[in-house]
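What follows is a single structure, written as structure tokens, with notes after it.
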Amino acid sequence: IQMNDTHPTVAVPELMRLLIDVEGLSWEDAWEVTSKTCAYTNHTIMAEALEKWPIDLFSKLLPRIYQIVQEIDRRFLIKVREMYPGNEEKVRKMAILMNGQVRMANMAIVAGFSVNGVAQLHTEILEKQELKDFYQMMPEKFNNKTNGITQRRFLAHGNPLLADWITDKIGDGWITDLSQIAKLKPLVEDEDARREFMEIKYQNKVRLAKYIKEHNGIDVDPRSIFDIQVKRLHEYKRQLLNVLHIIGLYNQLKMNPGMDMVPRTFIFGAKAAAGYRRAKLIIKLINAVADVVNNDPTIEGKIKVVFMENYRVSLAERLIPAAEQISLASKEASGTGNMKFMLNGALTLGTMDGANVEIYEEVGKDNIFIFGMSAEEVQAKYQTHYDPWFIYNMNQEVRMALTSLIDGTFDQNTDLFRELYDALLNGCGGRADEYFVLEDYADYARAQWDIDRAYRDQTKWAKMAIVNVAKSGKFSSDRTIRQYAEEIWDLKPLHI
């Protein structure tokens with residue numbers, strides 16, 4: 001039983017209940033079976049994936065299950081106190097039942113024979129920070145399984161033009177063994193191959209431009225850079241950084257209409273959780289910015305903004321083949337969107353977190369655009385006094401972008417986006433600028449100008465893009481699943 005995040009963790013006491021109450025096993029025998037059956041994958045350190053249930057609710061709804069949880073907790077804490085005598089702080093952190101809550105992540109770790117993260121850096125953060133006490137007590141349980149994506153869906157099916165081109169160049173072995181895509185590497189120096197590759201990218205952009213015109217009524221230039229950010233809408237994924245930068249770029253164009261820049265089409269796709277008010281407000285802001293920017297003739301179409309509603313896999317299959325670079329977040333556990341883009345020849349713009357670290361290792365620093373603080377710098381910044389007002393006062397571009405949220409530029413109701421303004425500068429129910437949008441703004445803008453310069457040299461751009469495709473072999477879900485099978489489940493493959 002592989003528990004994906006903490007949502008299915010009740011499987012642990014339920015299996016104990018079945019073994020004890022139905023099958024008649026002793027506690028010890030039942031625990032022996034359960035703790036060799038259950039394994040736990042942590043997909044993110046966000047609170048919603050580390051579920052905590054109120055004891056009064058849990059115990060009323062599941063009285064027998066709660067009794068079993070109490071006994072699991074009691075026996076585990078005996079071990080903790082034996083190993084760390086007198087250290088009640090450890091007990092407090094590691095207990096399953098504490099402060100009126102059932103802490104499901106703690107139960108998953110205690111019961112699981114394997115605990116894994118989903119990218120090298122993510123697993124290190126679990127071991128050194130988020131789950132440090134458990135790692136110190138039982139390091140043998142912890143391991144990494146970097147996430148992957150299926151090339152059959154996101155290249156063979158989703159991008160037939162590129163898939164056929166790759167097969168023509170290196171054969172079709174990559175479809176079931178993505179490591180074979182490395183055979184494309186010599187084509188980086190082949191002028192004809194580069195031209196063919198860029199023509200395929202252009203055809204995919206034309207296809208997407210037609211779709212946007214039909215569904216959104218917006219004319220976009222397929223010769224502009226398609227800067228596409230598609231993922232769940234969450235503050236830690238920092239779509240807000242992206243849209244603030246668009247506002248900053250728009251303000252620069254208003255002040256200097258002749259500014260030399262490669263035209264940009266910024267495309268967003270995202271869904272917000274039903275009750276996530278601020279995420280929905282960011283979607284509202286993206287659309288409000290689009291309404292203003294797309295209808296301002298003075299900027300001569302140098303920026304277009306599109307929000308694609310109802311983001312889903314079938315829409316991703318239109319977006320990803322047409323993307324030329326993507327902007328990613330900090331605090332990402334893994335991120336699989338970046339892998340899909342890489343596989344399709346889009347260049348990554350991101351921070352050194354999640355699987356970006358491993359993409360960087362694969363493609364090298366000259367074939368990726370990195371900005372912002374490192375994971376270590378983020379942790380250090382959390383420990384210090386961070387004052388976003390200092391950045392607001394020192395960076396005119398940031399100040400103008402934030403002011404436009406509350407001065408009627410994007411909505412006559414000047415209070416509509418004030419929550420976003422306050423969240424960045426004053427905290428608004430939490431710490432100010434919790435995800436360091438303003439802290440990373442200047443470096444993000446710098447990286448965007450690096451992209452502008454790189455794109456002007458189409459030979460260089462084509463080389464970078466082909467390198468990304470050729471180096472994507474590691475990120476197949478086939479490799480991920482094989483590692484789970486060999487290293488956690490002890491399953492042997494069945495050759496058909």
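Ordered as shown in the structure tokens, chains take letters A, B, and onward, while each chain numbers its residues from 1 and ligands are numbered from 1 in the order shown.
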
How would you write, as a ChimeraX atom specification, the set of residues in stretch 5-86 of chain A that DSSP gives as strand (DSSP E)?
/A:39-41,52-54

For stretch 334-360 of chain A versus stretch 232-252 of chain A, which residues have an atom no more than 12 Å away, and what is each residue's nearest atom pair and distance in Å rounded to one decimal, using only C-alpha atoms, chain-then-number order, as CSV?
```
residue,atom,partner,partner_atom,distance
A:Ser334,CA,A:Lys237,CA,11.5
A:Gly335,CA,A:Lys237,CA,9.7
A:Thr336,CA,A:Arg232,CA,11.5
A:Gly337,CA,A:Arg232,CA,10.1
A:Leu349,CA,A:Asn242,CA,11.1
A:Gly350,CA,A:Lys237,CA,10.5
A:Thr351,CA,A:Lys237,CA,10.7
A:Asp353,CA,A:Lys237,CA,11.3
A:Gly354,CA,A:Lys237,CA,11.4
```

A:Pro186 environment, 12 Å, only C-alpha atoms, sequence neighbours closer than 3 positions dropped, as a PyMOL selection string
chain A and resi 169-170+181-183+189-191+193-194+463+466-467+470-471

Rows by chain and residue number, stretch 173-249 of chain A within 8 Å of stretch 138-155 of chain A, shortest pair, only C-alpha atoms, as a tab-separated table:
```
residue	atom	partner	partner_atom	distance
A:Ile175	CA	A:Arg152	CA	6.1
A:Thr176	CA	A:Arg152	CA	7.9
A:Leu178	CA	A:Gln151	CA	7.3
```

For A:Arg75, list every protein, DNA or RNA residue within 12 Å, evaluated using only C-alpha atoms, and leave out those in the same chain fewer than 4 positions away; present the list as a PyMOL selection string.
chain A and resi 27-28+31+68-71+79-82+95-96+107+110-111

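With only C-alpha atoms as the atoms that count, the minimum distance from A:Arg264 to the choices A:Leu50, A:Val289, A:Val306, A:Ala156 is reached by A:Val306.
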
For the structure I just gave you, how does DSSP split stretch 340-442 of chain A - specifically, which residues are alpha helix (DSSP H)? Reply as a PyMOL selection string.
chain A and resi 340-343+356-363+375-383+388-394+396-406+418-425+437-442

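Nearest to A:Ala454 of all the residues A:Ile45, A:Met83, A:Leu61, A:Ile368 is A:Ile368, counting only C-alpha atoms.
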
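The residue set within 6 Å of stretch 338-344 of chain A, counting only C-alpha atoms and dropping same-chain residues fewer than 2 places from it, reads Ile320, Pro321, Thr336, Ala346, Asn468, Val469 and Ser472 of chain A.
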